[in-house]
Structures are given as C-alpha cells and as structure tokens.
>>> print(open('query_19.tsv').read())   # TSV, C-alpha atoms
chain	number	residue	atom	x	y	z
A	6	MET	CA	-10.95	-29.38	-115.55
A	7	GLU	CA	-12.43	-32.77	-114.76
A	8	LEU	CA	-13.48	-35.55	-117.10
A	9	PHE	CA	-15.74	-38.40	-115.99
A	10	ILE	CA	-14.81	-41.82	-117.35
A	11	ARG	CA	-17.88	-43.99	-117.96
A	12	MET	CA	-18.08	-47.78	-117.86
A	13	SER	CA	-15.98	-49.27	-120.69
A	14	GLU	CA	-14.35	-45.94	-121.55
A	15	ILE	CA	-10.63	-45.29	-121.94
A	16	GLN	CA	-9.15	-41.79	-121.82
A	17	VAL	CA	-5.54	-40.67	-122.20
A	18	GLU	CA	-4.60	-37.04	-121.51
A	19	LYS	CA	-1.50	-34.92	-122.03
A	20	GLU	CA	-3.24	-31.87	-120.57
A	21	PRO	CA	-3.25	-31.20	-116.81
A	22	ILE	CA	-6.80	-32.34	-116.23
A	23	VAL	CA	-8.34	-34.67	-113.67
A	24	LEU	CA	-9.81	-37.98	-114.84
A	25	LYS	CA	-12.39	-39.34	-112.44
A	26	THR	CA	-14.84	-42.21	-112.08
A	27	VAL	CA	-16.81	-44.22	-109.53
A	28	VAL	CA	-16.25	-47.97	-109.35
A	29	GLY	CA	-17.84	-50.81	-107.43
A	30	SER	CA	-16.94	-54.19	-108.87
A	31	CYS	CA	-15.35	-52.53	-111.94
A	32	ILE	CA	-11.69	-51.55	-112.07
A	33	ALA	CA	-10.31	-48.07	-112.60
A	34	LEU	CA	-6.89	-48.75	-114.09
A	35	CYS	CA	-4.71	-45.64	-114.15
A	36	LEU	CA	-1.35	-45.35	-115.95
A	37	TRP	CA	0.99	-42.38	-115.64
A	38	ASP	CA	4.34	-41.55	-117.18
A	39	PRO	CA	6.20	-39.08	-114.91
A	40	LYS	CA	8.68	-37.94	-117.57
A	41	VAL	CA	6.24	-36.85	-120.27
A	42	ARG	CA	3.37	-36.28	-117.78
A	43	ILE	CA	0.77	-38.29	-119.63
A	44	GLY	CA	-2.01	-39.99	-117.73
A	45	GLY	CA	-4.69	-42.47	-118.74
A	46	MET	CA	-7.63	-44.22	-117.16
A	47	ALA	CA	-9.68	-47.25	-118.21
A	48	HIS	CA	-12.99	-48.16	-116.56
A	49	ILE	CA	-12.90	-51.94	-116.95
A	50	VAL	CA	-16.19	-53.76	-116.45
A	51	MET	CA	-15.51	-57.48	-116.87
A	52	PRO	CA	-12.54	-59.88	-117.05
A	53	LYS	CA	-12.76	-61.51	-120.49
A	54	LYS	CA	-14.24	-60.67	-123.86
A	55	ASN	CA	-15.49	-64.20	-124.63
A	56	GLY	CA	-16.71	-63.48	-128.15
A	57	ASP	CA	-18.49	-60.21	-127.42
A	58	VAL	CA	-17.34	-58.74	-130.74
A	59	ASP	CA	-19.41	-55.55	-130.60
A	60	ALA	CA	-18.27	-54.55	-127.11
A	61	PRO	CA	-16.27	-51.37	-126.57
A	62	ILE	CA	-12.58	-52.23	-126.37
A	63	GLY	CA	-12.31	-50.84	-122.86
A	64	LYS	CA	-15.03	-53.06	-121.43
A	65	TYR	CA	-12.93	-56.15	-120.78
A	66	ALA	CA	-9.61	-56.54	-118.98
A	67	ASP	CA	-8.10	-58.69	-121.73
A	68	THR	CA	-8.59	-55.94	-124.34
A	69	GLY	CA	-8.87	-52.78	-122.20
A	70	VAL	CA	-5.48	-52.98	-120.48
A	71	ARG	CA	-3.66	-53.38	-123.81
A	72	SER	CA	-5.70	-50.63	-125.44
A	73	LEU	CA	-4.95	-48.19	-122.62
A	74	LEU	CA	-1.24	-49.03	-122.88
A	75	LYS	CA	-1.31	-48.61	-126.67
A	76	GLN	CA	-2.92	-45.19	-126.40
A	77	MET	CA	-0.40	-44.15	-123.76
A	78	THR	CA	2.61	-45.17	-125.86
A	79	GLN	CA	1.12	-43.61	-129.01
A	80	ASN	CA	1.04	-40.34	-127.06
A	81	GLY	CA	4.69	-40.59	-126.05
A	82	ALA	CA	4.65	-42.62	-122.85
A	83	ASN	CA	7.27	-45.30	-122.30
A	84	ILE	CA	6.25	-48.64	-120.84
A	85	SER	CA	9.38	-48.82	-118.66
A	86	ARG	CA	8.46	-45.58	-116.87
A	87	LEU	CA	4.80	-46.27	-116.25
A	88	HIS	CA	3.20	-46.13	-112.85
A	89	ALA	CA	0.14	-48.40	-112.69
A	90	MET	CA	-2.66	-47.89	-110.21
A	91	CYS	CA	-5.41	-50.49	-109.85
A	92	ILE	CA	-8.54	-49.46	-107.93
A	93	GLY	CA	-11.92	-51.19	-107.46
A	94	GLY	CA	-13.00	-54.82	-107.70
A	95	ALA	CA	-15.31	-54.66	-104.69
A	96	SER	CA	-17.82	-57.41	-104.05
A	97	MET	CA	-20.53	-55.07	-102.93
A	98	PHE	CA	-23.36	-57.48	-102.63
A	99	MET	CA	-21.27	-60.60	-102.44
A	100	GLN	CA	-22.83	-61.68	-105.71
A	101	SER	CA	-20.99	-64.63	-107.14
A	102	GLY	CA	-20.62	-65.86	-110.64
A	103	LYS	CA	-21.26	-69.40	-111.72
A	104	ASN	CA	-17.71	-70.37	-110.75
A	105	GLY	CA	-18.25	-69.14	-107.20
A	106	SER	CA	-16.04	-66.04	-107.30
A	107	SER	CA	-17.37	-62.50	-107.44
A	108	ILE	CA	-17.15	-60.35	-110.55
A	109	GLY	CA	-15.06	-57.87	-108.55
A	110	SER	CA	-12.38	-60.37	-107.59
A	111	ARG	CA	-12.27	-61.82	-111.11
A	112	ASN	CA	-11.80	-58.30	-112.49
A	113	VAL	CA	-8.86	-57.67	-110.15
A	114	GLU	CA	-7.27	-60.97	-111.09
A	115	ALA	CA	-7.71	-60.38	-114.82
A	116	VAL	CA	-6.27	-56.84	-114.76
A	117	LYS	CA	-3.27	-57.94	-112.68
A	118	GLN	CA	-2.64	-60.85	-115.03
A	119	GLU	CA	-2.65	-58.56	-118.10
A	120	LEU	CA	-0.30	-56.09	-116.42
A	121	GLN	CA	2.05	-58.90	-115.45
A	122	VAL	CA	2.13	-60.25	-119.01
A	123	LEU	CA	2.92	-56.74	-120.25
A	124	GLY	CA	5.65	-56.30	-117.64
A	125	ILE	CA	3.99	-53.39	-115.86
A	126	GLU	CA	4.33	-53.26	-112.09
A	127	ILE	CA	1.44	-52.04	-109.97
A	128	THR	CA	2.60	-49.10	-107.86
A	129	THR	CA	-0.70	-48.36	-106.10
A	130	GLU	CA	-3.48	-50.78	-105.34
A	131	ALA	CA	-6.83	-50.37	-103.59
A	132	VAL	CA	-8.95	-53.39	-104.42
A	133	GLY	CA	-11.59	-55.69	-102.95
A	134	GLY	CA	-13.81	-54.98	-99.98
A	135	ILE	CA	-17.53	-54.39	-100.09
A	136	MET	CA	-17.75	-50.67	-100.86
A	137	GLY	CA	-17.47	-48.50	-103.93
A	138	ARG	CA	-14.66	-46.05	-104.58
A	139	LYS	CA	-14.47	-42.64	-106.19
A	140	VAL	CA	-11.19	-42.30	-108.06
A	141	SER	CA	-9.56	-39.11	-109.34
A	142	MET	CA	-6.26	-38.95	-111.19
A	143	ASN	CA	-4.43	-35.70	-111.85
A	144	CYS	CA	-2.75	-36.15	-115.22
A	145	ASN	CA	-0.22	-33.41	-114.45
A	146	ASP	CA	1.39	-34.94	-111.38
A	147	GLY	CA	-0.01	-38.50	-111.42
A	148	SER	CA	-1.57	-38.10	-107.99
A	149	ILE	CA	-4.50	-40.35	-107.18
A	150	THR	CA	-7.32	-39.56	-104.77
A	151	ILE	CA	-9.53	-42.44	-103.61
A	152	THR	CA	-12.68	-41.75	-101.62
A	153	THR	CA	-15.02	-44.30	-100.05
A	154	LEU	CA	-17.93	-43.93	-97.66
A	155	GLN	CA	-16.44	-46.62	-95.42
A	156	GLN	CA	-15.05	-44.08	-92.96
A	157	ARG	CA	-18.46	-42.43	-92.64
A	158	ILE	CA	-20.11	-45.58	-91.30
A	159	GLN	CA	-19.95	-46.21	-87.57
A	160	TRP	CA	-20.30	-49.96	-87.10
A	161	ASN	CA	-21.69	-51.42	-83.90
A	162	ASN	CA	-19.15	-53.43	-81.93
B	12	MET	CA	-46.03	-42.04	-118.07
B	13	GLU	CA	-44.04	-42.94	-121.15
B	14	LEU	CA	-42.50	-46.07	-122.52
B	15	TYR	CA	-39.06	-45.37	-123.88
B	16	LYS	CA	-37.44	-47.77	-126.31
B	17	SER	CA	-33.81	-48.16	-127.10
B	18	GLU	CA	-32.94	-47.33	-130.69
B	19	GLU	CA	-30.98	-50.55	-131.00
B	20	ILE	CA	-32.64	-53.61	-132.46
B	21	SER	CA	-33.60	-56.05	-129.75
B	22	GLU	CA	-33.34	-59.82	-129.88
B	23	VAL	CA	-36.83	-59.97	-128.44
B	24	MET	CA	-39.20	-57.15	-129.18
B	25	LEU	CA	-42.10	-56.64	-126.85
B	26	ASN	CA	-45.28	-56.17	-128.84
B	27	ASP	CA	-47.81	-53.43	-128.08
B	28	SER	CA	-49.87	-55.70	-125.90
B	29	ASN	CA	-46.78	-56.78	-123.91
B	30	GLN	CA	-45.74	-53.17	-123.49
B	31	ASP	CA	-49.17	-52.16	-122.24
B	32	ASN	CA	-49.18	-55.08	-119.83
B	33	LEU	CA	-45.73	-54.21	-118.59
B	34	ARG	CA	-46.55	-50.54	-118.07
B	35	ASP	CA	-49.71	-51.49	-116.26
B	36	ILE	CA	-48.06	-54.10	-114.04
B	37	PHE	CA	-45.10	-52.00	-113.01
B	38	GLN	CA	-47.28	-48.94	-112.43
B	39	LYS	CA	-49.52	-50.92	-110.10
B	40	THR	CA	-46.62	-52.55	-108.27
B	41	PHE	CA	-44.83	-49.23	-107.84
B	42	HIS	CA	-48.03	-47.71	-106.46
B	43	ASP	CA	-48.45	-50.64	-104.05
B	44	ALA	CA	-44.91	-50.05	-102.79
B	45	ALA	CA	-45.60	-46.32	-102.41
B	46	LYS	CA	-48.77	-47.15	-100.48
B	47	SER	CA	-46.77	-49.34	-98.08
B	48	LEU	CA	-44.30	-46.53	-97.59
B	49	SER	CA	-47.17	-44.10	-96.92
B	50	GLN	CA	-48.49	-46.35	-94.16
B	51	LEU	CA	-45.05	-46.74	-92.70
B	52	VAL	CA	-44.17	-43.04	-92.50
B	53	GLY	CA	-47.69	-41.65	-92.06
B	54	GLN	CA	-47.45	-39.42	-95.11
B	55	ASN	CA	-48.98	-39.66	-98.55
B	56	MET	CA	-46.20	-40.90	-100.80
B	57	ILE	CA	-46.82	-40.89	-104.53
B	58	ILE	CA	-45.01	-41.96	-107.68
B	59	ASP	CA	-43.53	-38.77	-109.09
B	60	GLN	CA	-41.72	-39.95	-112.20
B	61	TYR	CA	-41.86	-43.30	-113.88
B	62	LYS	CA	-40.44	-44.87	-117.00
B	63	ILE	CA	-39.72	-48.24	-118.52
B	64	GLU	CA	-36.99	-48.84	-121.03
B	65	GLN	CA	-35.51	-51.64	-123.08
B	66	ILE	CA	-31.90	-50.78	-122.55
B	67	THR	CA	-28.39	-52.15	-122.03
B	68	SER	CA	-26.52	-51.89	-118.74
B	69	GLU	CA	-24.09	-49.36	-120.20
B	70	GLU	CA	-26.90	-47.18	-121.58
B	71	PHE	CA	-28.65	-47.13	-118.24
B	72	SER	CA	-25.43	-46.38	-116.40
B	73	ALA	CA	-24.67	-43.46	-118.74
B	74	GLN	CA	-28.13	-41.99	-118.12
B	75	VAL	CA	-27.62	-41.70	-114.39
B	76	GLU	CA	-23.94	-40.77	-114.20
B	77	GLU	CA	-24.60	-37.26	-112.88
B	78	GLN	CA	-25.67	-38.82	-109.59
B	79	PHE	CA	-22.79	-41.26	-109.39
B	80	GLU	CA	-20.94	-39.51	-106.56
B	81	GLN	CA	-24.00	-38.91	-104.37
B	82	SER	CA	-24.51	-40.96	-101.23
B	83	TYR	CA	-27.48	-43.30	-101.08
B	84	PHE	CA	-28.94	-45.88	-98.75
B	85	ALA	CA	-29.77	-48.92	-100.85
B	86	SER	CA	-31.38	-52.31	-100.59
B	87	ILE	CA	-31.13	-54.91	-103.29
B	88	ILE	CA	-33.40	-57.89	-103.67
B	89	LYS	CA	-32.35	-60.46	-106.22
B	90	VAL	CA	-34.88	-62.79	-107.80
B	91	GLU	CA	-33.37	-65.72	-109.65
B	92	GLU	CA	-35.41	-68.85	-110.18
B	93	ASP	CA	-38.69	-67.52	-111.44
B	94	LEU	CA	-37.67	-64.24	-112.99
B	95	ASP	CA	-34.11	-62.96	-113.36
B	96	THR	CA	-34.65	-59.60	-111.74
B	97	ASN	CA	-32.82	-57.19	-109.48
B	98	ILE	CA	-34.96	-54.86	-107.44
B	99	ALA	CA	-33.18	-51.87	-105.94
B	100	PHE	CA	-34.53	-49.29	-103.53
B	101	LEU	CA	-32.32	-46.26	-103.36
B	102	ILE	CA	-32.86	-43.39	-100.95
B	103	GLN	CA	-30.70	-40.30	-101.15
B	104	GLU	CA	-28.82	-39.71	-97.88
B	105	GLU	CA	-30.78	-36.74	-96.53
B	106	ALA	CA	-34.13	-38.25	-97.52
B	107	GLY	CA	-33.12	-41.47	-95.82
B	108	LEU	CA	-32.28	-39.64	-92.60
B	109	ASP	CA	-35.59	-37.73	-92.75
B	110	ILE	CA	-37.53	-40.96	-93.16
B	111	TYR	CA	-35.53	-42.67	-90.41
B	112	ARG	CA	-36.53	-39.82	-88.04
B	113	LEU	CA	-40.18	-40.28	-89.02
B	114	ILE	CA	-40.12	-44.04	-88.46
B	115	SER	CA	-37.95	-44.24	-85.36
B	116	GLY	CA	-38.89	-40.96	-83.65
B	117	GLU	CA	-35.17	-40.60	-82.98
B	118	GLN	CA	-33.97	-37.03	-83.54
B	119	ILE	CA	-30.66	-37.84	-85.16
B	120	LYS	CA	-28.70	-34.95	-86.62
B	121	ASN	CA	-27.21	-34.74	-90.08
B	122	SER	CA	-23.57	-35.59	-89.64
B	123	ASP	CA	-20.59	-37.05	-91.38
B	124	VAL	CA	-21.07	-40.28	-89.47
B	125	ILE	CA	-23.82	-42.73	-90.38
B	126	SER	CA	-24.44	-45.34	-87.72
B	127	GLU	CA	-25.04	-48.98	-88.51
B	128	ASN	CA	-28.39	-48.63	-86.70
B	129	VAL	CA	-29.55	-46.04	-89.23
B	130	ILE	CA	-28.51	-48.27	-92.14
B	131	ALA	CA	-30.33	-51.20	-90.53
B	132	GLY	CA	-33.42	-49.08	-89.82
B	133	ILE	CA	-33.66	-47.82	-93.37
B	134	GLY	CA	-32.93	-51.35	-94.54
B	135	GLU	CA	-35.90	-52.58	-92.52
B	136	MET	CA	-38.13	-50.03	-94.21
B	137	ASN	CA	-36.80	-51.19	-97.56
B	138	ASN	CA	-37.54	-54.79	-96.60
B	139	ILE	CA	-41.17	-53.85	-96.08
B	140	LEU	CA	-41.23	-51.98	-99.39
B	141	GLY	CA	-39.54	-54.90	-101.09
B	142	SER	CA	-41.98	-57.47	-99.75
B	143	SER	CA	-44.88	-55.30	-100.77
B	144	PHE	CA	-43.44	-54.83	-104.25
B	145	ILE	CA	-42.64	-58.51	-104.79
B	146	ASN	CA	-46.04	-59.66	-103.56
B	147	SER	CA	-47.72	-57.16	-105.83
B	148	LEU	CA	-45.56	-58.14	-108.82
B	149	ALA	CA	-46.23	-61.85	-108.21
B	150	ASN	CA	-49.98	-61.20	-108.01
B	151	HIS	CA	-50.05	-59.18	-111.21
B	152	LEU	CA	-47.82	-61.59	-113.13
B	153	GLY	CA	-49.63	-64.60	-111.72
B	154	ILE	CA	-46.40	-66.35	-110.74
B	155	THR	CA	-44.54	-67.25	-107.57
B	156	ILE	CA	-41.52	-65.08	-106.89
B	157	HIS	CA	-38.82	-65.99	-104.39
B	158	GLY	CA	-36.37	-63.20	-103.63
B	159	ILE	CA	-33.17	-63.51	-101.61
B	160	ALA	CA	-33.00	-61.64	-98.31
B	161	PRO	CA	-32.38	-57.97	-99.10
B	162	ILE	CA	-28.85	-56.66	-98.86
B	163	ASN	CA	-28.59	-53.20	-97.31
B	164	THR	CA	-25.80	-50.73	-97.81
B	165	PHE	CA	-24.81	-47.07	-97.78
B	166	ASP	CA	-22.64	-46.17	-100.72
B	167	MET	CA	-22.14	-43.99	-103.78
B	168	PHE	CA	-24.94	-44.16	-106.34
B	169	GLY	CA	-22.54	-45.19	-109.11
B	170	ALA	CA	-21.12	-48.10	-107.15
B	171	ILE	CA	-24.59	-49.33	-106.24
B	172	ILE	CA	-25.79	-49.11	-109.84
B	173	GLU	CA	-22.70	-50.98	-111.01
B	174	SER	CA	-23.47	-53.84	-108.66
B	175	ILE	CA	-27.05	-54.02	-109.92
B	176	VAL	CA	-26.31	-53.97	-113.63
B	177	LEU	CA	-23.19	-56.14	-113.64
B	178	GLN	CA	-24.90	-59.46	-113.28
B	179	GLU	CA	-24.03	-62.46	-115.43
B	180	GLU	CA	-27.58	-62.76	-116.70
B	181	PHE	CA	-27.73	-59.13	-117.84
B	182	LEU	CA	-24.40	-58.89	-119.62
B	183	ASN	CA	-24.37	-57.98	-123.30
B	184	ARG	CA	-28.10	-57.98	-123.68
B	185	GLU	CA	-30.94	-55.58	-123.44
B	186	ILE	CA	-32.87	-55.67	-120.24
B	187	ILE	CA	-36.10	-54.17	-119.05
B	188	CYS	CA	-35.41	-51.32	-116.68
B	189	ALA	CA	-38.25	-49.69	-114.73
B	190	ASP	CA	-37.27	-46.60	-112.79
B	191	ALA	CA	-39.62	-44.67	-110.51
B	192	LYS	CA	-39.17	-41.75	-108.14
B	193	ILE	CA	-41.33	-41.42	-105.05
B	194	ARG	CA	-42.08	-38.20	-103.21
B	195	GLU	CA	-44.48	-36.93	-100.60
B	196	GLU	CA	-47.62	-35.66	-102.35
B	197	HIS	CA	-47.59	-32.10	-100.99
B	198	LEU	CA	-44.21	-31.58	-99.40
B	199	GLY	CA	-42.09	-33.25	-102.06
B	200	GLY	CA	-38.55	-33.37	-100.90
B	201	TYR	CA	-37.77	-37.07	-100.83
B	202	ASP	CA	-35.64	-38.69	-103.45
B	203	ILE	CA	-36.48	-42.37	-103.38
B	204	ARG	CA	-35.94	-44.52	-106.44
B	205	LEU	CA	-37.09	-47.99	-107.25
B	206	ILE	CA	-35.12	-49.51	-110.07
B	207	ILE	CA	-36.12	-52.85	-111.48
B	208	MET	CA	-33.85	-54.65	-113.90
B	209	SER	CA	-35.21	-57.76	-115.44
B	210	ASP	CA	-34.10	-60.25	-118.05
B	211	LYS	CA	-36.15	-59.30	-121.11
B	212	GLU	CA	-36.69	-62.76	-122.52
B	213	ARG	CA	-37.83	-64.21	-119.21
B	214	LEU	CA	-40.16	-61.29	-118.71
B	215	TYR	CA	-41.42	-61.60	-122.29
B	216	HIS	CA	-42.28	-65.27	-121.83
B	217	THR	CA	-44.00	-64.53	-118.54
B	218	LEU	CA	-46.04	-61.77	-120.17
B	219	GLU	CA	-47.05	-64.14	-122.97
B	220	GLN	CA	-48.67	-66.37	-120.35
B	221	ILE	CA	-50.88	-63.60	-119.01
>>> encode(input="query_19.tsv", output="structure tokens")
Amino acid sequence: MELFIRMSEIQVEKEPIVLKTVVGSCIALCLWDPKVRIGGMAHIVMPKKNGDVDAPIGKYADTGVRSLLKQMTQNGANISRLHAMCIGGASMFMQSGKNGSSIGSRNVEAVKQELQVLGIEITTEAVGGIMGRKVSMNCNDGSITITTLQQRIQWNN
Amino acid sequence: MELYKSEEISEVMLNDSNQDNLRDIFQKTFHDAAKSLSQLVGQNMIIDQYKIEQITSEEFSAQVEEQFEQSYFASIIKVEEDLDTNIAFLIQEEAGLDIYRLISGEQIKNSDVISENVIAGIGEMNNILGSSFINSLANHLGITIHGIAPINTFDMFGAIIESIVLQEEFLNREIICADAKIREEHLGGYDIRLIIMSDKERLYHTLEQI
C-alpha cells in the first residue's frame, strides 16, 4: 500500500506501507526507527513560520521537524535510534528570495538546523540541484528510493 | 467555462464585473496562445478545458497531485514589476515529443533518453507561445508587461508545480490561478497546459483600472 504525502503534510506509520511524495524546492524529511519499525515523512514547504498562525504545522521547518519527531516518539520511536533522511531543496528555476538565496537552499539549511538542535544525525541526504525528486520510504525496512529525471536527459557537451 | 471560487473568505474579493473581465481576458489570451501554437504546428489547436480559481498554493497543489509523478516539458515565464505573475506552459512528455516531430521534421523515437536539443526545441516553441500570451495579456489589460527570459526544463509535474507556487509573493495568500488545456480540434491527443498564477491584489487593482 502506498500513501502520498501532500505539501505541508506529516504522516507516521507503524504498518508496512510506503510513504511517497514528489519534491522540488520542498524537503521530504523521513525518520525511521529500526527497532520498532516505525517510519514517518514530512513534506516541508518553507523554512520559518514567521507569524503564519493558521498554517498547517508541517508546512514550516521550524515546526514541522519537531512535530514529526513528536509523532514518532508518541508511537514508540526513540530519538537515539532514529535514522534521518533529508531529500529535496532543489533550486529548479534558480528563483531567489529577497535575501538572494533560493527557497530550496533555505529549506535545506532550516531542516538541518532543526535536526542538529534536536540531536538527530542525518544518515541519508540528497539535496540541492535543479531537478525534482520522487521519494518513497518503506516503513517496514526504512529503505528509501529516490528517482529523478536527471539521468534521462542527455546534455550536449 | 466556469469560474470556481474558493470557499475560504478572501482578503480581496473580486466583484462580478472583475470576474467577468478576468474570464474574458484570460479566455482571449489563452485563445491567442492556442492560435500561435496552431500556426507553429500546422494544426488547429483549441482550448479544451479552462477554469479560473481564487485559491491558495496548497489547494491548487492538492488538486493536481494525481499527475505529480508524470514527466513534463515546462517553460516558466516570471513577470514581476508590473504584475506578480508566473506563467507556466506544461507539455506532457509524449505530447511534447509529438509536437517536436511536427516542428522539427526530425523523426525521433520515444525513448528513455531525452536530448537537450529536444528540451531546447520545445522550449523555443514555448517561448513563442509565451510571447504571444504576454502580448495578448498586456493588450487586454492595457498595461506594459516585462517577463524574464523563459526557463525551460523537463521534470516531474509535481516538482514543476512546486516551483511555480512557492514564490515569496504567493505565500499564505489566495492567488488567481487560470488553468487551460489545449488539444488538437479533431485528433485530440495533446496534453498541453497553461497555468497562470497571479497575485490577486495586483490583478484586482489592474482590473479596476480597465
């Protein structure tokens, strides 16, 4: 069984299902506890909440990372055992924010910062670049599949 | 043709006259773009489906998630100074290859590998469509519109949509989203989408001037 994670959504699963999403500049943050075999995914859209009180908790890195962790631990995961996988943060159209950096790179930075504060080490990372990524996480074995169209393009030399 | 409205209360509500104007303007500009495409490929391309919504980025993204994993050729034109708008032309992979064959006369085969030349060729077609669309929009709105040079890519629909909707000026607010599908009049078969995302307040003020 597969479950698609939309923008701003967080999903934690004890069942052996596959969580999947497609990200460009967003981040798919996946956490997995190998002992209790619980997996979770957050589709993080932006770095900071900045007063957006009505936003879904999973939308921003500063609230989404903590919320995913909370849901994982409430379901029996232990923070010391967690594998963290950070995927996305592309700058597809090189669009820059007012401070000159792309939304994608700011998302990567914000998610990494939150994980560092929480003491969670990133075990797998596929970030940056200019192309989107399809991400699938098997909640039974924690395996991650990342697909991009990069390898399908034959660039002129 | 229908005008869909989000159920959420908007900060700026377009009145009936604005809505009529908007429908009219986008319909004409979409048709002008389709006409340019017809001339380019030598077939009669028509607008097949068309809608305008006041919607948030997340709502729009949720509507189209079934296509997220599909491969599309895309060109994005960003308009900043005069009207905060992103204009995206998206052509589903097989349709893009069909149209490339028509334009170039090159008998390329469907394959796992997409050459940079094909991306550039389809991008060039999109540039023509984009220019036609922007000129038409500027004429109908009675304003000058300066777009950045189009950016061409080949990627998953979901990733392209994310890059269109996740703009600083669109965050946490409703936007105007016009979405049209183009197909050949008799043969059908092509899946070409023109998606326009525009800052609602800027568009509202522009409409008030008409």
>>> residues_near_point(input="query_19.tsv", point="(-11.7, -56.5, -118.8)", cutoff="8 Å", atoms="all atoms listed in the file", output="PyMOL selection string")
chain A and resi 49-54+63-70+112+115-116
>>> interface_residues(input="query_19.tsv", of="chain A", to="chain B", cutoff="9 Å", atoms="only C-alpha atoms", output="PyMOL selection string")
chain A and resi 9+11-13+26-31+50-51+57+60+96-98+100-103+108+136-139+153-161
>>> atom_distance(input="query_19.tsv", atom1="CA of Arg34 in chain B", atom2="CA of Thr96 in chain B")
16.2 Å
>>> residues_around(input="query_19.tsv", residues="range 147-152 of chain B", least_positions_apart="6", cutoff="10 Å", atoms="all atoms listed in the file", output="mmCIF file with C-alpha atoms, in the coordinates of the input")
data_model
loop_
_atom_site.group_PDB
_atom_site.id
_atom_site.type_symbol
_atom_site.label_atom_id
_atom_site.label_comp_id
_atom_site.auth_asym_id
_atom_site.auth_seq_id
_atom_site.Cartn_x
_atom_site.Cartn_y
_atom_site.Cartn_z
ATOM 1 C CA ASN B 32 -49.180 -55.080 -119.830
ATOM 2 C CA LEU B 33 -45.730 -54.210 -118.590
ATOM 3 C CA ASP B 35 -49.710 -51.490 -116.260
ATOM 4 C CA ILE B 36 -48.060 -54.100 -114.040
ATOM 5 C CA PHE B 37 -45.100 -52.000 -113.010
ATOM 6 C CA LYS B 39 -49.520 -50.920 -110.100
ATOM 7 C CA THR B 40 -46.620 -52.550 -108.270
ATOM 8 C CA PHE B 41 -44.830 -49.230 -107.840
ATOM 9 C CA HIS B 42 -48.030 -47.710 -106.460
ATOM 10 C CA ASP B 43 -48.450 -50.640 -104.050
ATOM 11 C CA ALA B 44 -44.910 -50.050 -102.790
ATOM 12 C CA ASP B 93 -38.690 -67.520 -111.440
ATOM 13 C CA GLY B 141 -39.540 -54.900 -101.090
ATOM 14 C CA LEU B 214 -40.160 -61.290 -118.710
ATOM 15 C CA THR B 217 -44.000 -64.530 -118.540
ATOM 16 C CA LEU B 218 -46.040 -61.770 -120.170
ATOM 17 C CA GLN B 220 -48.670 -66.370 -120.350
ATOM 18 C CA ILE B 221 -50.880 -63.600 -119.010
#
>>> atom_distance(input="query_19.tsv", atom1="CA of Leu34 in chain A", atom2="CA of Thr78 in chain A")
15.5 Å
>>> residues_around(input="query_19.tsv", residues="Met136 in chain B", least_positions_apart="5", cutoff="12 Å", atoms="all atoms listed in the file", output="ChimeraX atom specification")
/B:44-45,47-52,84-86,100-102,107,110-111,113-115,129-131,141-143,161,163
>>> closest_residue(input="query_19.tsv", among="A:Gly147, A:Val23, A:Cys91, A:Val17", to="Thr128 in chain A", atoms="all atoms listed in the file")
A:Cys91
>>> atom_distance(input="query_19.tsv", atom1="CA of Arg213 in chain B", atom2="CA of Glu14 in chain A")
29.8 Å
>>> residues_around(input="query_19.tsv", residues="Thr129 in chain A", least_positions_apart="5", cutoff="9 Å", atoms="all atoms listed in the file", output="VMD selection string")
chain A and resid 88 to 92 149
>>> residues_around(input="query_19.tsv", residues="Asp146 in chain A", least_positions_apart="4", cutoff="9 Å", atoms="all atoms listed in the file", output="PyMOL selection string")
chain A and resi 21+37+39+42-44+142
>>> closest_residue(input="query_19.tsv", among="A:Leu87, A:Met77, A:Asn143, A:Ile32", to="Ala131 in chain A", atoms="all atoms listed in the file")
A:Ile32
>>> closest_residue(input="query_19.tsv", among="A:Cys144, A:Ala33, A:Ile62, A:Leu74", to="Gly109 in chain A", atoms="only C-alpha atoms")
A:Ala33
>>> closest_residue(input="query_19.tsv", among="B:Leu108, B:Val75, B:Gly134, B:His216", to="Ala160 in chain B", atoms="all atoms listed in the file")
B:Gly134
>>> residues_around(input="query_19.tsv", residues="Arg112 in chain B", least_positions_apart="6", cutoff="10 Å", atoms="all atoms listed in the file", output="MDAnalysis selection string")
chainID B and resid 52 106 118:120 129 132
>>> closest_residue(input="query_19.tsv", among="A:Ile127, A:Val122, A:Cys35, A:Val41", to="Gly81 in chain A", atoms="all atoms listed in the file")
A:Val41
>>> closest_residue(input="query_19.tsv", among="A:Gln79, A:Ser141, A:Ile22, A:Thr152", to="Gln81 in chain B", atoms="only C-alpha atoms")
A:Thr152
>>> residues_near_point(input="query_19.tsv", point="(-44.1, -37.1, -103.1)", cutoff="12 Å", atoms="all atoms listed in the file", output="list of chain:residue names")
B:His42, B:Ala45, B:Lys46, B:Leu48, B:Ser49, B:Gln54, B:Asn55, B:Met56, B:Ile57, B:Ile58, B:Asp59, B:Gln60, B:Ala106, B:Ala191, B:Lys192, B:Ile193, B:Arg194, B:Glu195, B:Glu196, B:His197, B:Leu198, B:Gly199, B:Gly200, B:Tyr201, B:Asp202, B:Ile203, B:Arg204
